[in-house]
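What follows is a single structure, written as structure tokens, with notes after it.
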There are 2 protein chains.
Amino acid sequence: MKQVFNIGLLGLGTVGSGVYKILTTNAEDLAQRAGAALRVAAVAVRDKEKKRLVDVPEELLTTDAFKVATDPGIDILVEVMGGIEGTKDLLLTALKSGKSVVTANKDLIAEHGEELFAVAKENGCDLLFEASVGGGIPIIRPLKQCLAGNRITQVMGIINGTTNFMLTRMTQTGATFEEALKEAQELGYAEADPTSDVKGYDAARKMAILASLAFNSRVTFSDVDVEGIDHISDRDIAYARDLGYTIKLLGVAEEETDGEIGVCVYPALVPNEHPLASVNGAYNAIFVRGDAIGEAMFLGLGAGQMPTASAVTGDIVEAVRNLLSGANGSLISTCYHNKKIKDTLEAKRQFYLRLEVSDLPGVLSVITGILGRHGVSIQSLLQKRADSSEAEIVIITHEGREHSVYDSLAELRELKEVKAVQQVLRVIE
Amino acid sequence: MKQVFNIGLLGLGTVGSGVYKILTTNAEDLAQRAGAALRVAAVAVRDKEKKRLVDVPEELLTTDAFKVATDPGIDILVEVMGGIEGTKDLLLTALKSGKSVVTANKDLIAEHGEELFAVAKENGCDLLFEASVGGGIPIIRPLKQCLAGNRITQVMGIINGTTNFMLTRMTQTGATFEEALKEAQELGYAEADPTSDVKGYDAARKMAILASLAFNSRVTFSDVDVEGIDHISDRDIAYARDLGYTIKLLGVAEEETDGEIGVCVYPALVPNEHPLASVNGAYNAIFVRGDAIGEAMFLGLGAGQMPTASAVTGDIVEAVRNLLSGANGSLISTCYHNKKIKDTLEAKRQFYLRLEVSDLPGVLSVITGILGRHGVSIQSLLQKRADSSEAEIVIITHEGREHSVYDSLAELRELKEVKAVQQVLRVIE
């Protein structure tokens, strides 16, 4: 039986350095757990001269990622360099040359999962991606294996650490969106270009992966109804608090009883007593509901060097075990259904509305009248005076169909008493 | 490739019925996920005439468990009948005849795991036990696989649903221990003989299993320092609440930096803002701390028919996948270390003390003087008047060594002013 397995690492940035660190410092335990020793045989980097977070012997470094992906001496290719098109080609090459592949790349899996898994299957190779969602939190394997007895009906949670850090700061310190973003960038939680996080795209890719696994039907990024947090103001945070809620960016994937799937990412008002309301900072938390298990929650650090490296290393150990037992490539296609994506406007939800109105006697009755005619009833209402001639009205509705709320908002926008519809957010129970 | 795998079920009680229900109602999805159809081929019961929770065709039932365990037509034996010695023999027989075995039996795994795993390995068979701890919560597989990159330093949580239900009722309704036990028995949460739950033995067996997996060193029931909840009074619950704490039965397994392991089960005062304080009713929650992941938490229903059946079915699906890929029996021994069990009296902890004292002037200064001489300092103190001549004193200490607290209590018991040391409980931060 093979005694040593060679690992090729693509990328030696934050996560790559973490993986290298675990593989070298926990080497003895890893060898026992995997059943054979793990040896980093090559590391592809962009610039060999760059200063690193870990000491890697000079002779392991190469700038030729393609050479690592095709090197017949490499058993397992670990991709932690990011990127989509070029990276996809590297992984396809590695799979075609019979290597097991471990990746932390959610963008790649969300976008090209179907092709990659097909090639992995053809070539009898493992393609493992636990680190792509929820950082260190075990969620992919529990969904695929431990919960395999269930018909999963919902996966819901906080799956982007950057925006959760920002919303937590806005809630705890009263910071504006811009201040919270700046702080997140300074601490390394947000990138220089924060678009993917604050627009919800990162969360949407992760939800596409989770929904595909949970419902056994391919869900891609374009199937996800996405709303980011870049329009959330400190005022919304404060009003939500006054009403007993905390604003969180949620991913929600549901299968209706008719077999249709809805997958959304949106900022929502979460009641303070809900477990998600107290998931703060860089923590992620994912709820899974199934017909047998009822409800289970997984919580932990959703990003960061060592948590993500923990997930990658768990996959490496599994890849070695599979190579030893000959179970590599015994991938079972998890997307054997082809379920319809649901029109989310048909969903019934509660809403938070913030309107800027002229402070005229009777304005409230006009607004509530219009909402009422569309079947939107009001659970609570705050009137906040802004200055002498204008006021702000904050409304939490009872549960109603999304399109009724949007229809009534269209009508409200026509009123001379309504200066602006400043905010429309969903509310969860 | 084999198209249908035959399952032999030992036991058709609560969990067995749940497994049968999932295998029949989710059959199509299970076949897709496993890669082959699953067929219940035989069910061993004690009494064929007994009324069942599910309809099972008469011809599948047998009272001969041994026949099922040795039947060459059975691929996977699922043990959900409970029991130790006789059950062990059945599972050993099944493993020796080459069957994969799935069990929910924590008593058996905690007591005879070593022998069973050795025989499974010898015979190239799977022996899976996800349902033995935490009901439906995925915890065994995450510890063995997803977190394999970590040096785990602590596993801690609420792992007995019966006692958590009872303590929750005592906290929420002011019920006495006896009232809460009666209610738990009426609702089917507690057995007629509740010893194993209320004395902490059930939790201790689960902690032995978790600690063995987390620290890769065999921990058995007798290694666990166990304290139950049968001495917790409604008065302790109320005083704890006055001080901002909730009493929970915790399992705590730790590896010290010197490589020694401590595993305990005890009721403790948990600060109300701690996530475990709000894990109520039949819910379980398990925290895992590791050098890479930091901290992760797993939460869900820790017992009950369908959650436990969910875990059993997940194992059955994995057993089939392994049989299909030939990876069955590729068990890696997880107990490759032989770590020393730590003397828990050396641990540093906070304590809750409840003393019955004569209400004499100066009694407080005598008590605090003795504590002080043993290096036990006081964080908070409540004096509760019981009647004219006697009083109750409740003390929360700062962190100190257990033996210092026990030494000072021995001295306090000698004082004429101290009528009784009514309660000594640990406090966690």
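The chains in the structure tokens are called A, B, ... from first to last as shown; in each chain the residues are counted from 1, and the ligands are counted from 1 in the order shown.
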Selection: 7 Å around region 409-426 of chain A, only C-alpha atoms, excl. self and same-chain fewer than 3 positions, as an NGL selection string
:A and (267-269 or 349-358 or 363 or 367 or 405-406)
Skipping near chain neighbours, those fewer than 5 positions away, what residues fall within 7 Å of Thr176 (chain B) using only C-alpha atoms, listed as a ChimeraX atom specification?
/B:170,233-234
Using only C-alpha atoms, which chain B residues lie at most 8 Å away from chain A, written as a ChimeraX atom specification?
/B:22-23,26,30,32-35,130,136-138,141-142,145-151,292-301,306-311,313-315,317-318,321-322,325-327,330,332-334,336
Output file for the residues above (N, CA and C atoms, as a compact mmCIF listing (two decimals), in the first residue's frame):
```txt
# COMPACT_ATOMS: atom_id res chain seq x y z
N ILE B 22 -38.63 5.89 6.95
CA ILE B 22 -37.79 6.64 6.01
C ILE B 22 -37.42 5.76 4.81
N LEU B 23 -37.03 4.51 5.08
CA LEU B 23 -36.59 3.63 4.00
C LEU B 23 -37.73 3.38 3.00
N ASN B 26 -39.02 7.53 1.61
CA ASN B 26 -38.03 8.26 0.81
C ASN B 26 -37.22 7.33 -0.09
N LEU B 30 -33.46 7.87 -1.76
CA LEU B 30 -32.38 7.11 -1.14
C LEU B 30 -31.63 6.28 -2.17
N GLN B 32 -31.23 6.94 -5.32
CA GLN B 32 -30.39 7.85 -6.10
C GLN B 32 -29.15 8.24 -5.30
N ARG B 33 -29.37 8.55 -4.04
CA ARG B 33 -28.24 9.03 -3.22
C ARG B 33 -27.25 7.92 -2.90
N ALA B 34 -27.76 6.72 -2.70
CA ALA B 34 -26.88 5.61 -2.34
C ALA B 34 -26.23 5.00 -3.58
N GLY B 35 -26.92 5.09 -4.71
CA GLY B 35 -26.40 4.46 -5.92
C GLY B 35 -27.00 3.08 -6.18
N GLU B 130 -23.31 6.97 13.76
CA GLU B 130 -23.65 8.40 13.85
C GLU B 130 -24.80 8.66 14.82
N GLY B 136 -30.18 13.19 15.74
CA GLY B 136 -30.03 13.48 14.32
C GLY B 136 -28.88 14.41 13.99
N ILE B 137 -28.30 15.05 14.99
CA ILE B 137 -27.23 16.02 14.72
C ILE B 137 -26.01 15.34 14.13
N PRO B 138 -25.55 15.79 12.97
CA PRO B 138 -24.32 15.21 12.44
C PRO B 138 -23.15 15.65 13.33
N ARG B 141 -19.44 12.01 12.13
CA ARG B 141 -18.76 12.13 10.83
C ARG B 141 -18.00 13.46 10.73
N PRO B 142 -18.62 14.59 11.11
CA PRO B 142 -17.84 15.84 11.12
C PRO B 142 -16.56 15.74 11.94
N GLN B 145 -14.18 13.27 9.95
CA GLN B 145 -13.79 13.63 8.59
C GLN B 145 -13.55 15.12 8.43
N CYS B 146 -14.61 15.92 8.56
CA CYS B 146 -14.49 17.35 8.23
C CYS B 146 -13.44 18.04 9.07
N LEU B 147 -13.31 17.63 10.35
CA LEU B 147 -12.40 18.34 11.24
C LEU B 147 -11.07 17.60 11.40
N ALA B 148 -10.79 16.66 10.47
CA ALA B 148 -9.59 15.83 10.59
C ALA B 148 -8.30 16.64 10.54
N GLY B 149 -8.36 17.87 10.04
CA GLY B 149 -7.17 18.71 9.99
C GLY B 149 -6.80 19.35 11.31
N ASN B 150 -7.69 19.23 12.30
CA ASN B 150 -7.50 19.94 13.56
C ASN B 150 -6.89 19.10 14.67
N ARG B 151 -6.18 19.78 15.56
CA ARG B 151 -5.94 19.22 16.88
C ARG B 151 -7.10 19.73 17.73
N ALA B 292 -7.39 24.79 14.26
CA ALA B 292 -7.60 25.47 12.98
C ALA B 292 -9.01 26.08 12.90
N ILE B 293 -10.01 25.33 13.28
CA ILE B 293 -11.39 25.80 13.08
C ILE B 293 -11.79 26.87 14.08
N GLY B 294 -11.04 26.95 15.20
CA GLY B 294 -11.49 27.85 16.26
C GLY B 294 -12.62 27.14 16.99
N GLU B 295 -13.85 27.59 16.70
CA GLU B 295 -14.99 27.03 17.42
C GLU B 295 -16.12 26.75 16.43
N ALA B 296 -16.76 25.62 16.56
CA ALA B 296 -17.95 25.33 15.75
C ALA B 296 -19.01 24.75 16.66
N MET B 297 -20.28 24.98 16.32
CA MET B 297 -21.35 24.42 17.14
C MET B 297 -22.32 23.66 16.27
N PHE B 298 -22.80 22.55 16.78
CA PHE B 298 -23.78 21.72 16.10
C PHE B 298 -25.01 21.63 16.98
N LEU B 299 -26.19 21.96 16.43
CA LEU B 299 -27.40 21.99 17.24
C LEU B 299 -28.54 21.25 16.56
N GLY B 300 -29.37 20.60 17.35
CA GLY B 300 -30.53 19.93 16.78
C GLY B 300 -31.21 19.06 17.82
N LEU B 301 -32.20 18.29 17.37
CA LEU B 301 -32.92 17.41 18.30
C LEU B 301 -32.04 16.22 18.62
N MET B 306 -37.72 10.30 14.70
CA MET B 306 -37.28 10.63 13.35
C MET B 306 -35.87 11.22 13.31
N PRO B 307 -35.48 12.11 14.25
CA PRO B 307 -34.09 12.58 14.20
C PRO B 307 -33.09 11.43 14.31
N THR B 308 -33.33 10.50 15.23
CA THR B 308 -32.40 9.39 15.38
C THR B 308 -32.43 8.51 14.12
N ALA B 309 -33.64 8.29 13.59
CA ALA B 309 -33.76 7.49 12.36
C ALA B 309 -33.05 8.19 11.20
N SER B 310 -33.05 9.51 11.19
CA SER B 310 -32.33 10.27 10.16
C SER B 310 -30.85 9.92 10.18
N ALA B 311 -30.27 9.90 11.37
CA ALA B 311 -28.84 9.58 11.49
C ALA B 311 -28.57 8.13 11.07
N THR B 313 -30.28 6.34 8.97
CA THR B 313 -30.44 6.20 7.52
C THR B 313 -29.24 6.79 6.77
N GLY B 314 -28.71 7.91 7.28
CA GLY B 314 -27.50 8.47 6.68
C GLY B 314 -26.37 7.45 6.67
N ASP B 315 -26.25 6.71 7.78
CA ASP B 315 -25.22 5.67 7.86
C ASP B 315 -25.50 4.53 6.88
N VAL B 317 -27.02 4.75 4.02
CA VAL B 317 -26.67 5.23 2.67
C VAL B 317 -25.14 5.18 2.49
N GLU B 318 -24.41 5.58 3.52
CA GLU B 318 -22.95 5.51 3.40
C GLU B 318 -22.46 4.07 3.29
N ARG B 321 -22.93 3.02 -0.29
CA ARG B 321 -21.92 3.66 -1.14
C ARG B 321 -20.58 2.95 -1.00
N ASN B 322 -20.23 2.64 0.26
CA ASN B 322 -18.94 1.98 0.49
C ASN B 322 -18.91 0.58 -0.10
N SER B 325 -18.40 0.97 -3.83
CA SER B 325 -17.06 1.41 -4.26
C SER B 325 -15.97 0.49 -3.71
N GLY B 326 -16.38 -0.48 -2.90
CA GLY B 326 -15.38 -1.37 -2.32
C GLY B 326 -14.62 -0.74 -1.16
N ALA B 327 -15.14 0.37 -0.65
CA ALA B 327 -14.45 1.06 0.45
C ALA B 327 -14.94 0.58 1.81
N SER B 330 -12.78 0.11 5.20
CA SER B 330 -11.56 0.90 5.13
C SER B 330 -11.50 1.83 6.34
N ILE B 332 -10.36 3.62 9.48
CA ILE B 332 -9.07 4.02 10.03
C ILE B 332 -9.25 4.03 11.54
N SER B 333 -8.39 3.33 12.25
CA SER B 333 -8.48 3.36 13.71
C SER B 333 -8.34 4.79 14.17
N THR B 334 -9.30 5.26 14.94
CA THR B 334 -9.20 6.64 15.39
C THR B 334 -8.52 6.74 16.75
N TYR B 336 -5.40 5.96 17.99
CA TYR B 336 -4.00 5.57 17.83
C TYR B 336 -3.11 6.14 18.92
```
Can you state the RMSD, in Å, between chain A and chain B once they are superposed by least squares on every Cα paired in order?
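Computed on C-alpha atoms only, the RMSD stands at 0.0 Å.
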Among the residues of region 173-422 of chain B, find those DSSP assigns to helix (DSSP H, G or I) from the backbone and print them as an MDAnalysis selection string.
chainID B and resid 173 177:186 195:198 201:215 221:223 234:242 275:278 305:325 344:346 363:373 402:414
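Between CA of Glu183 (chain B) and CA of Gly281 (chain B) the interatomic distance comes to 12.1 Å.
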Residues within 10 Å of Met166 (chain A), only C-alpha atoms, excluding chain neighbours under 2 positions, as a list of chain:residue names
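The filter keeps A:Gly161, A:Thr162, A:Thr163, A:Asn164, A:Thr168, A:Arg169, A:Met170, A:Thr171, A:Gln172, A:Ala175, A:Thr176, A:Phe177, A:Glu178, A:Glu179, A:Ala180, A:Leu181, A:Lys182, A:Glu183, A:Ala184, A:Gln185, A:Tyr189, A:Ala190, A:Val198, A:Ile229, A:Lys248, A:Asn280, A:Gly281, A:Ala282.
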Write out as an MDAnalysis selection string all residues of region 86-284 of chain B that backbone DSSP assigns to strand (DSSP E or B).
chainID B and resid 100:103 127:128 152:158 217 225:226 245:255 261:271 283:284
What's around Asp223 (chain B) at 8 Å? Count only C-alpha atoms, leave out sequence neighbours fewer than 4 positions away in its own chain, and write the answer as a compact mmCIF listing (two decimals) with all heavy atoms, in the first residue's frame.
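Output below, filename part-v5.txt:
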```
# COMPACT_ATOMS: atom_id res chain seq x y z
N ALA B 208 -17.83 9.68 26.31
CA ALA B 208 -16.73 8.73 26.09
C ALA B 208 -16.52 8.53 24.59
O ALA B 208 -15.39 8.52 24.10
CB ALA B 208 -17.05 7.39 26.78
N VAL B 219 -11.44 6.40 25.30
CA VAL B 219 -12.02 6.85 26.56
C VAL B 219 -13.26 6.00 26.79
O VAL B 219 -14.09 5.86 25.90
CB VAL B 219 -12.42 8.34 26.50
CG1 VAL B 219 -13.10 8.77 27.80
CG2 VAL B 219 -11.21 9.23 26.23
N VAL B 263 -12.49 14.17 31.05
CA VAL B 263 -13.85 14.04 30.53
C VAL B 263 -14.82 14.01 31.70
O VAL B 263 -14.71 13.16 32.59
CB VAL B 263 -14.03 12.76 29.68
CG1 VAL B 263 -15.39 12.77 29.00
CG2 VAL B 263 -12.92 12.64 28.64
N ILE B 341 -5.66 9.91 31.47
CA ILE B 341 -6.85 10.61 31.96
C ILE B 341 -6.43 11.49 33.13
O ILE B 341 -5.75 11.04 34.06
CB ILE B 341 -7.94 9.60 32.40
CG1 ILE B 341 -8.35 8.69 31.24
CG2 ILE B 341 -9.15 10.35 32.96
CD1 ILE B 341 -9.02 9.37 30.07
```
For a test of reading the model, state the distance in Å between CA of Gly134 (chain A) and CA of Ala69 (chain A), rounded to one decimal.
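Between these atoms lies a distance of 26.4 Å.
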